[in-house]
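Visitor: Sharing a structure with you now.
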Amino acid sequence: RLPEHVQVDDPAALKKLAKKLERQQVPLRSDYGYKVSLFSHLHQYSRKSPPTLQISIPATVIHPSIVRLGLQYSQGIIAGSNARSVALLHTFKQVIQDYSTPPNEELSRDLVNKLSPYISFLSQCRPLSASMGNAIKYIKKEISNIPSQCKEEEAKGKLQACIDSYINEKIILASEAISKYAIEKISDGDVILVYVWIHSERKFRVIVVDSRPRLEGREALRRLVKKGIRCTYVLISALSYILPEVSKVFLGAHALLANGYVMSRVGTSQIALVAKAYNVPVLVCCETYKFCERVQTDSFVSNELDDPDDLIVTRNGKSHLENWQTVKSLGLLNLVYDVTPPDFVDLVITDLGMIPCTSVPVVLRVKNVDQ
Amino acid sequence: EIHEPEEVSVWFREGSSCCQETLARNQRFTETPVNMPGADKETDLSERIESFLSELKRCGSGAGSLRGSAETARETTALLRRITAQARWGNAGELMEIIRKEGRRMTAAQPSETTVGNMIRRVLKIIREEYARSRGSSEETDQQESLHKLLTSGGSSEDNFRQHFTHLKANVIEAINELLTELEGTTDNISMQALEHIHSNEVIMTIGRSRTVEAFLKDAARKRKFHVIVAECAPFCQGHEMATSLCKEDIETTVIPDAAIFAVMSRVNKVIIGTQTVLANGGLRAVNGTHTLALAAKHHSTPLIVCAPMFKLSPQFPNEEDTFHKFVSPHEVLPFTEGEILSKVNAHCPVFDYVPPELITLFISNIGGNAPSYIYRLMSELYHPEDHEL
């Protein structure tokens, strides 16, 4: 079944969504600005008009910590799939804590129903990532597995413990395992190129590649400098200049798709492409909870459009795109994700070990069998 | 506006339209009558050369090129014409020495501005040709069969250009005027070919800002409807100017950040770019980010078309590591507001990229379309091999 957020060009789907949101008393967020026709099937929101504008205070249907979380997502305060998933799980813990089963209702069914409007609200703030989707699936499964004779306090405690162990195992310990494997791959004197943040330590030099408009690399740069690692910083347009010096490229991933494609921050596929042209090994670091069963071959069918106003830049006090809304036939495209074909990626480092890109469906099958 | 004095020398008549343009634009080049006493002529000439050199030095350190290469080419040629007219020389050899000397100073002022060197080499070739014509030796045998010439070259370069010809000066200046007319028409000649290469409902991708490509696309847009995607080319983001300029002609334009080049390439039909220099092997020295664009186009088998006028063709090869790259202040990349990490981090901001010839499909220049494998031949027609090193 096709997710809603890629059917914006279908008026029937939009009507259905509007009805559903009305029933759940969740505000509908409207698109902003001229959308490039290639992406008319996706939403494009503005950061300046958050979805919480239309909610009454105090919110009766939506838990306040969910409202806060939604706002943090839509303003970009919490960004990155790990951070978003962890924040989501913590908020759900809070929600479960405050929940009380109404009389004549079963916790296992009612709690799941209570969570639905929250999830709709969060996806209005920002479309859910694959990792968040997996986390939600896990929670829903745990909730529905609670036996009916279980007392409320006990059930709540169990759920909280489940969530804690999920965060611990799948996210925190997983990244440590990945770091251990990654360190094996780094030799002394290497020059490493990173596009997203990764923890490790050995004697090597790091080149951080950054791209407009988000400039997330600066944060990574600060952390690396604090650890005392020698760093170089360039923008993505200087890639062909810097790549001849690089021995390995480390990339992060937002999700790994079942056909071996890597979905991550826009620009990653470009780095992998140019690294391939210079014969530099490309290693992707990804926790297994980000693997998903979806398949995708290009960056158009399922993506996210960020606020187009981010592309406006002011140099020397003037900016050419200031009034881009008034200029007809001008569109600004601020993509968030892109997909990298598996032939550009040499190795995927996960908490289960180092696997090639094509082994993703194997891991998914093993995970499903486990559960 | 400048008031033209009555005495205008005959040598400036043909190039007068170009001259007036230059005059309107920079007040320094005020028209002066040529029949002046010798000493004043010389100081006037050296003054102009000095101001040109300082202009070159200043422009290079700004964001990209503040003046287009076409302007630089025109001004260089006009200056060379003035040198020919006003400097003291007795025969072709001396003139070539003078021009070479001034040429070395000009290229040293701004090594990355290769059009200056290219124009100097063109003028040197003109001088050689005019000298040969005055001597009576036929043009054709000199140009033909360059391989053959190489084998038999022992004898023919005995020429030391010492003979004096009275009409040489006038001939050379006339040839330079022709060169100036050619320079004026380059952008138009290139745009005239636009309709041969762009069809309706195409998606065309470009990067940064190139006046040649802008004129090319605008010309095609008069008759056909297509869509343009412009990569903004950080950190100077000249793509933004390009996009707003294209929108004025009602061309559907989309601006994308550099990181999205590969992501959108699958929907692009053609990539049309401009360049700073065309190198002798058919490769390019273009704005940074172009190599990534070329690799993405190759991966998707999208044709890469380069619009470059002939004055950008340079006899340089790309393997001179220390002269190829140019860097500007890393402040553009990592601003001074990031103070605490600045001192511990190396930040680079290269201006150019090298694009190898195998990634390029077609060159469109004012003399028509060519494959990159033909560039060596065009170069041998424009420049004399002895002038490759000034």
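Following the order of the structure tokens, first chain is A, next is B, and so on, with residues numbered from 1 inside each chain and ligands from 1 in the order they appear.
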May I have a table of the residues of chain B lying at most 7 Å from chain A, giving each one's closest pair of atoms and their distance in Å to one decimal, counting only C-alpha atoms, ordered by chain and ascending residue number, as JSON lines?

Guide:
{"residue": "B:Cys233", "atom": "CA", "partner": "A:Ser237", "partner_atom": "CA", "distance": 6.9}
{"residue": "B:Ala234", "atom": "CA", "partner": "A:Ser237", "partner_atom": "CA", "distance": 6.7}
{"residue": "B:His240", "atom": "CA", "partner": "A:His320", "partner_atom": "CA", "distance": 6.1}
{"residue": "B:Glu241", "atom": "CA", "partner": "A:His320", "partner_atom": "CA", "distance": 6.1}
{"residue": "B:Cys247", "atom": "CA", "partner": "A:Ser329", "partner_atom": "CA", "distance": 6.1}
{"residue": "B:Asp250", "atom": "CA", "partner": "A:Ser329", "partner_atom": "CA", "distance": 6.4}
{"residue": "B:Ile251", "atom": "CA", "partner": "A:Ser329", "partner_atom": "CA", "distance": 6.4}
{"residue": "B:Glu252", "atom": "CA", "partner": "A:Ser329", "partner_atom": "CA", "distance": 4.5}
{"residue": "B:Thr253", "atom": "CA", "partner": "A:Leu330", "partner_atom": "CA", "distance": 5.0}
{"residue": "B:Thr254", "atom": "CA", "partner": "A:Gly331", "partner_atom": "CA", "distance": 4.5}
{"residue": "B:Val255", "atom": "CA", "partner": "A:Leu332", "partner_atom": "CA", "distance": 4.9}
{"residue": "B:Ile256", "atom": "CA", "partner": "A:Leu333", "partner_atom": "CA", "distance": 5.2}
{"residue": "B:Pro257", "atom": "CA", "partner": "A:Arg212", "partner_atom": "CA", "distance": 6.4}
{"residue": "B:Asp258", "atom": "CA", "partner": "A:Ser237", "partner_atom": "CA", "distance": 6.5}
{"residue": "B:Ala259", "atom": "CA", "partner": "A:Gly267", "partner_atom": "CA", "distance": 4.0}
{"residue": "B:Ala260", "atom": "CA", "partner": "A:Gly267", "partner_atom": "CA", "distance": 5.7}
{"residue": "B:Phe262", "atom": "CA", "partner": "A:Gln270", "partner_atom": "CA", "distance": 5.5}
{"residue": "B:Ala263", "atom": "CA", "partner": "A:Ser299", "partner_atom": "CA", "distance": 5.7}
{"residue": "B:Asn288", "atom": "CA", "partner": "A:Ser237", "partner_atom": "CA", "distance": 5.6}
{"residue": "B:Gly289", "atom": "CA", "partner": "A:Ser237", "partner_atom": "CA", "distance": 4.2}
{"residue": "B:His291", "atom": "CA", "partner": "A:Ser240", "partner_atom": "CA", "distance": 6.5}
{"residue": "B:Thr292", "atom": "CA", "partner": "A:Val274", "partner_atom": "CA", "distance": 6.5}
{"residue": "B:Val333", "atom": "CA", "partner": "A:Leu235", "partner_atom": "CA", "distance": 6.7}
{"residue": "B:Ile341", "atom": "CA", "partner": "A:Arg222", "partner_atom": "CA", "distance": 6.5}
{"residue": "B:Val345", "atom": "CA", "partner": "A:Cys231", "partner_atom": "CA", "distance": 5.3}
{"residue": "B:Asn346", "atom": "CA", "partner": "A:Thr232", "partner_atom": "CA", "distance": 4.5}
{"residue": "B:Ala347", "atom": "CA", "partner": "A:Tyr233", "partner_atom": "CA", "distance": 4.7}
{"residue": "B:His348", "atom": "CA", "partner": "A:Val234", "partner_atom": "CA", "distance": 5.6}
{"residue": "B:Cys349", "atom": "CA", "partner": "A:Val234", "partner_atom": "CA", "distance": 6.9}
{"residue": "B:Pro350", "atom": "CA", "partner": "A:Ala238", "partner_atom": "CA", "distance": 6.4}
{"residue": "B:Asp353", "atom": "CA", "partner": "A:Tyr241", "partner_atom": "CA", "distance": 6.9}

Visitor: Create the file for the chosen residues now, containing C-alpha atoms and written as a PDB file, in the first residue's frame.

Guide:
ATOM      1  CA  CYS B 233      27.918  26.154  -7.509  1.00  0.00           C
ATOM      2  CA  ALA B 234      28.842  26.999  -3.938  1.00  0.00           C
ATOM      3  CA  HIS B 240      21.470  32.025  -8.566  1.00  0.00           C
ATOM      4  CA  GLU B 241      22.259  34.940 -10.865  1.00  0.00           C
ATOM      5  CA  CYS B 247      13.716  33.534 -15.783  1.00  0.00           C
ATOM      6  CA  ASP B 250      10.417  33.083 -19.313  1.00  0.00           C
ATOM      7  CA  ILE B 251      12.507  29.937 -19.234  1.00  0.00           C
ATOM      8  CA  GLU B 252      11.333  27.394 -16.647  1.00  0.00           C
ATOM      9  CA  THR B 253      14.286  27.257 -14.262  1.00  0.00           C
ATOM     10  CA  THR B 254      15.006  25.274 -11.134  1.00  0.00           C
ATOM     11  CA  VAL B 255      17.882  25.957  -8.772  1.00  0.00           C
ATOM     12  CA  ILE B 256      19.412  22.964  -7.028  1.00  0.00           C
ATOM     13  CA  PRO B 257      22.239  22.755  -4.472  1.00  0.00           C
ATOM     14  CA  ASP B 258      25.459  21.108  -5.683  1.00  0.00           C
ATOM     15  CA  ALA B 259      24.775  18.027  -3.601  1.00  0.00           C
ATOM     16  CA  ALA B 260      21.709  17.170  -5.680  1.00  0.00           C
ATOM     17  CA  PHE B 262      23.662  13.217  -9.233  1.00  0.00           C
ATOM     18  CA  ALA B 263      20.181  12.829  -7.781  1.00  0.00           C
ATOM     19  CA  ASN B 288      34.664  23.710  -9.350  1.00  0.00           C
ATOM     20  CA  GLY B 289      31.941  21.105  -9.343  1.00  0.00           C
ATOM     21  CA  HIS B 291      34.074  17.354 -12.821  1.00  0.00           C
ATOM     22  CA  THR B 292      31.347  15.875 -10.618  1.00  0.00           C
ATOM     23  CA  VAL B 333      33.900  27.911   2.998  1.00  0.00           C
ATOM     24  CA  ILE B 341      37.862  25.575  15.191  1.00  0.00           C
ATOM     25  CA  VAL B 345      41.355  23.043  10.586  1.00  0.00           C
ATOM     26  CA  ASN B 346      42.564  23.312   7.012  1.00  0.00           C
ATOM     27  CA  ALA B 347      39.860  24.684   4.773  1.00  0.00           C
ATOM     28  CA  HIS B 348      40.240  24.694   1.025  1.00  0.00           C
ATOM     29  CA  CYS B 349      38.386  26.681  -1.562  1.00  0.00           C
ATOM     30  CA  PRO B 350      39.640  25.774  -5.029  1.00  0.00           C
ATOM     31  CA  ASP B 353      38.257  21.762 -11.718  1.00  0.00           C
TER      32      ASP B 353
END

Visitor: Which residues, written as a list in words, have at least one atom at most 8 Å from stretch 124-129 of chain A, with only C-alpha atoms counted and residues fewer than 2 positions away on the same chain left out?

Guide: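 Counting only the stated atoms, we get His5, Leu28, Arg29, Pro50, Pro51, Gly70, Leu71, Tyr73, Ser74, Ser81, Ser120, Phe121, Leu122, Ser131, Met132, Gly133, His254 and Glu304 of chain A.
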
Visitor: Which residue gives the smallest distance to A:Leu115 among A:Met354, A:Ser85, A:Ile62, A:Gly252, with only C-alpha atoms counted?

Guide: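 Among A:Met354, A:Ser85, A:Ile62, A:Gly252, it is A:Ile62 that comes nearest to A:Leu115.
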
Visitor: Just give me the gap between atom CA of B:Glu178 and atom CA of B:Thr277 in Å, one decimal is fine.

Guide: 22.6 Å

Visitor: Compile the contact shell of A:Arg23 as a list in words: residues with an atom at most 12 Å away, counting only C-alpha atoms, same-chain residues fewer than 4 positions apart removed.

Guide: Lys16, Leu17, Ala18, Lys19, Pro27, Leu28, Val61, Ser116, Pro117 and Ser120 of chain A

Visitor: Tell me, in Å to one decimal, how far atom CA of A:Leu364 is from atom CA of A:Leu111.

Guide: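 Calculated distance between atom CA of A:Leu364 and atom CA of A:Leu111 is 27.5 Å.
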
Visitor: Could you write out, as a PyMOL selection string, all the residues of stretch 143-339 of chain A that DSSP marks as helix (DSSP H, G or I)?

Guide: chain A and resi 143-144+152-185+217-226+236-245+268-277+288-290+308-311

Visitor: Hey, which of B:Asp188, B:Glu75, B:Glu358, B:Glu42 ends up closest to B:Leu56? Count only C-alpha atoms.

Guide: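 Among the listed residues, the smallest separation from B:Leu56 belongs to B:Glu75.
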
Visitor: Would you mind telling me which residue in A:Val112, A:Ala177, A:Ile183, A:Val246 lies nearest to A:Thr350 when using only C-alpha atoms?

Guide: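 Selected residue with least distance to A:Thr350: A:Ala177.
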
Visitor: DSSP on the backbone, strand (DSSP E) only: what residues of stretch 125-222 of chain A does that give? Format it as number ranges by chain.

Guide: A: 191-194, 205-210

Visitor: Smallest atom-to-atom distance to A:Ala135: which of A:Gln149, A:Asn82, A:Asn259, A:Asn104, using only C-alpha atoms?

Guide: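 Looking at the shortest contact to A:Ala135, the residue is A:Asn82.
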
Visitor: Atom CA of B:Met96 and atom CA of B:Leu382 are how many Å apart?

Guide: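 We find that atom CA of B:Met96 and atom CA of B:Leu382 lie 16.4 Å from each other.
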
Visitor: Measuring between only C-alpha atoms, which one of B:Pro303, B:Gly208, B:Pro315, B:Pro235 shows the shortest distance to B:Leu390?

Guide: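 Going through B:Pro303, B:Gly208, B:Pro315, B:Pro235 one by one, the smallest distance to B:Leu390 is for B:Pro315.
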
Visitor: Applying 7 Å and only C-alpha atoms, which residues near B:Ala280 remain after dropping the ones on its own chain fewer than 6 positions away? List them as a ChimeraX atom specification.

Guide: /B:314-317,375-376

Visitor: Store the residues picked out above, limited to all heavy atoms, as a PDB file, in the first residue's frame.

Guide:
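File selection_33.pdb, as written:
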ATOM      1  N   SER B 314      43.603  27.259 -25.129  1.00  0.00           N
ATOM      2  CA  SER B 314      44.931  27.614 -24.644  1.00  0.00           C
ATOM      3  C   SER B 314      45.893  26.466 -24.896  1.00  0.00           C
ATOM      4  O   SER B 314      45.509  25.312 -24.766  1.00  0.00           O
ATOM      5  CB  SER B 314      44.827  27.915 -23.159  1.00  0.00           C
ATOM      6  OG  SER B 314      46.070  27.809 -22.548  1.00  0.00           O
ATOM      7  N   PRO B 315      47.149  26.744 -25.239  1.00  0.00           N
ATOM      8  CA  PRO B 315      48.075  25.637 -25.503  1.00  0.00           C
ATOM      9  C   PRO B 315      48.618  24.955 -24.246  1.00  0.00           C
ATOM     10  O   PRO B 315      49.533  24.165 -24.322  1.00  0.00           O
ATOM     11  CB  PRO B 315      49.209  26.301 -26.295  1.00  0.00           C
ATOM     12  CG  PRO B 315      49.129  27.727 -25.969  1.00  0.00           C
ATOM     13  CD  PRO B 315      47.734  28.041 -25.590  1.00  0.00           C
ATOM     14  N   GLN B 316      48.044  25.240 -23.092  1.00  0.00           N
ATOM     15  CA  GLN B 316      48.495  24.594 -21.856  1.00  0.00           C
ATOM     16  C   GLN B 316      48.018  23.166 -21.780  1.00  0.00           C
ATOM     17  O   GLN B 316      46.944  22.832 -22.271  1.00  0.00           O
ATOM     18  CB  GLN B 316      47.865  25.320 -20.673  1.00  0.00           C
ATOM     19  CG  GLN B 316      48.687  26.377 -20.063  1.00  0.00           C
ATOM     20  CD  GLN B 316      47.944  26.944 -18.874  1.00  0.00           C
ATOM     21  OE1 GLN B 316      46.752  27.170 -18.922  1.00  0.00           O
ATOM     22  NE2 GLN B 316      48.650  27.149 -17.802  1.00  0.00           N
ATOM     23  N   PHE B 317      48.813  22.345 -21.082  1.00  0.00           N
ATOM     24  CA  PHE B 317      48.376  20.995 -20.764  1.00  0.00           C
ATOM     25  C   PHE B 317      48.073  20.905 -19.276  1.00  0.00           C
ATOM     26  O   PHE B 317      48.583  21.684 -18.493  1.00  0.00           O
ATOM     27  CB  PHE B 317      49.454  19.981 -21.155  1.00  0.00           C
ATOM     28  CG  PHE B 317      49.399  19.623 -22.596  1.00  0.00           C
ATOM     29  CD1 PHE B 317      50.146  20.316 -23.529  1.00  0.00           C
ATOM     30  CD2 PHE B 317      48.575  18.597 -23.032  1.00  0.00           C
ATOM     31  CE1 PHE B 317      50.086  19.989 -24.868  1.00  0.00           C
ATOM     32  CE2 PHE B 317      48.512  18.271 -24.375  1.00  0.00           C
ATOM     33  CZ  PHE B 317      49.266  18.972 -25.292  1.00  0.00           C
ATOM     34  N   ILE B 375      40.578  19.174 -31.072  1.00  0.00           N
ATOM     35  CA  ILE B 375      41.056  20.445 -30.519  1.00  0.00           C
ATOM     36  C   ILE B 375      42.513  20.707 -30.875  1.00  0.00           C
ATOM     37  O   ILE B 375      42.907  21.846 -31.137  1.00  0.00           O
ATOM     38  CB  ILE B 375      40.860  20.440 -28.978  1.00  0.00           C
ATOM     39  CG1 ILE B 375      39.381  20.454 -28.643  1.00  0.00           C
ATOM     40  CG2 ILE B 375      41.541  21.615 -28.337  1.00  0.00           C
ATOM     41  CD1 ILE B 375      38.673  21.727 -28.979  1.00  0.00           C
ATOM     42  N   TYR B 376      43.312  19.657 -30.930  1.00  0.00           N
ATOM     43  CA  TYR B 376      44.741  19.865 -31.213  1.00  0.00           C
ATOM     44  C   TYR B 376      44.918  20.531 -32.570  1.00  0.00           C
ATOM     45  O   TYR B 376      45.806  21.362 -32.768  1.00  0.00           O
ATOM     46  CB  TYR B 376      45.471  18.525 -31.164  1.00  0.00           C
ATOM     47  CG  TYR B 376      45.339  17.722 -32.430  1.00  0.00           C
ATOM     48  CD1 TYR B 376      46.323  17.769 -33.405  1.00  0.00           C
ATOM     49  CD2 TYR B 376      44.198  16.976 -32.674  1.00  0.00           C
ATOM     50  CE1 TYR B 376      46.188  17.070 -34.587  1.00  0.00           C
ATOM     51  CE2 TYR B 376      44.055  16.280 -33.853  1.00  0.00           C
ATOM     52  CZ  TYR B 376      45.046  16.330 -34.807  1.00  0.00           C
ATOM     53  OH  TYR B 376      44.891  15.654 -35.971  1.00  0.00           O
TER      54      TYR B 376
END

Visitor: Would you kindly return, as a list in words, each protein, DNA or RNA residue with an atom no farther than 10 Å from any atom of B:Met119, considering only C-alpha atoms and excluding same-chain residues fewer than 6 positions away?

Guide: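 Those residues are Thr72, Ala73, Arg74, Glu75, Thr76, Thr77, Leu80, Gly103, Lys125, Leu179, Phe311, Lys312, Leu313, Ser314, Leu382 and Tyr383 of chain B.
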
Visitor: Name all residues at most 10 Å from B:His299 (count only C-alpha atoms; drop same-chain ones fewer than 4 positions away) and give them as a PyMOL selection string.

Guide: (chain A and resi 273) or (chain B and resi 262+265-266+293-295+359)

Visitor: Would you mind telling me which residue in B:Ser373, B:Asn281, B:Thr115, B:Thr206 lies nearest to B:Val306 when using only C-alpha atoms?

Guide: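 Comparing B:Ser373, B:Asn281, B:Thr115, B:Thr206 against B:Val306, the winner is B:Thr206.
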
Visitor: Compile the contact shell of B:Gly239 as a list in words: residues with an atom at most 7 Å away, counting only C-alpha atoms, same-chain residues fewer than 3 positions apart removed.

Guide: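 Near B:Gly239, the qualifying residues are Ile207, Gly208, Arg209, Val230, Ala231, Glu232, Cys233, Met242 and Ala243 of chain B.
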
Visitor: Dump N, CA, C and O atoms for the selected residues as a short mmCIF file (atom, residue, chain, number, x, y, z; two decimals), in the first residue's frame?

Guide:
data_model
loop_
_atom_site.label_atom_id
_atom_site.label_comp_id
_atom_site.auth_asym_id
_atom_site.auth_seq_id
_atom_site.Cartn_x
_atom_site.Cartn_y
_atom_site.Cartn_z
N ILE B 207 25.73 24.57 -14.80
CA ILE B 207 26.30 24.85 -13.48
C ILE B 207 26.89 26.24 -13.47
O ILE B 207 27.46 26.69 -14.47
N GLY B 208 26.72 26.94 -12.36
CA GLY B 208 27.32 28.25 -12.22
C GLY B 208 26.79 29.23 -13.25
O GLY B 208 25.69 29.09 -13.75
N ARG B 209 27.60 30.23 -13.55
CA ARG B 209 27.14 31.25 -14.48
C ARG B 209 28.12 31.42 -15.61
O ARG B 209 29.28 31.70 -15.41
N VAL B 230 19.65 24.55 -12.85
CA VAL B 230 20.94 25.22 -12.61
C VAL B 230 21.49 24.76 -11.27
O VAL B 230 20.81 24.86 -10.26
N ALA B 231 22.72 24.24 -11.28
CA ALA B 231 23.37 23.91 -10.01
C ALA B 231 24.02 25.17 -9.48
O ALA B 231 24.73 25.84 -10.21
N GLU B 232 23.81 25.46 -8.21
CA GLU B 232 24.17 26.80 -7.77
C GLU B 232 25.66 27.05 -7.67
O GLU B 232 26.08 28.18 -7.75
N CYS B 233 26.47 25.98 -7.52
CA CYS B 233 27.92 26.15 -7.51
C CYS B 233 28.40 26.97 -6.32
O CYS B 233 28.82 28.11 -6.46
N MET B 242 22.41 33.27 -12.57
CA MET B 242 22.08 32.66 -13.87
C MET B 242 20.59 32.35 -13.92
O MET B 242 19.91 32.63 -14.91
N ALA B 243 20.07 31.79 -12.83
CA ALA B 243 18.66 31.39 -12.82
C ALA B 243 17.75 32.60 -12.95
O ALA B 243 16.80 32.59 -13.74
#
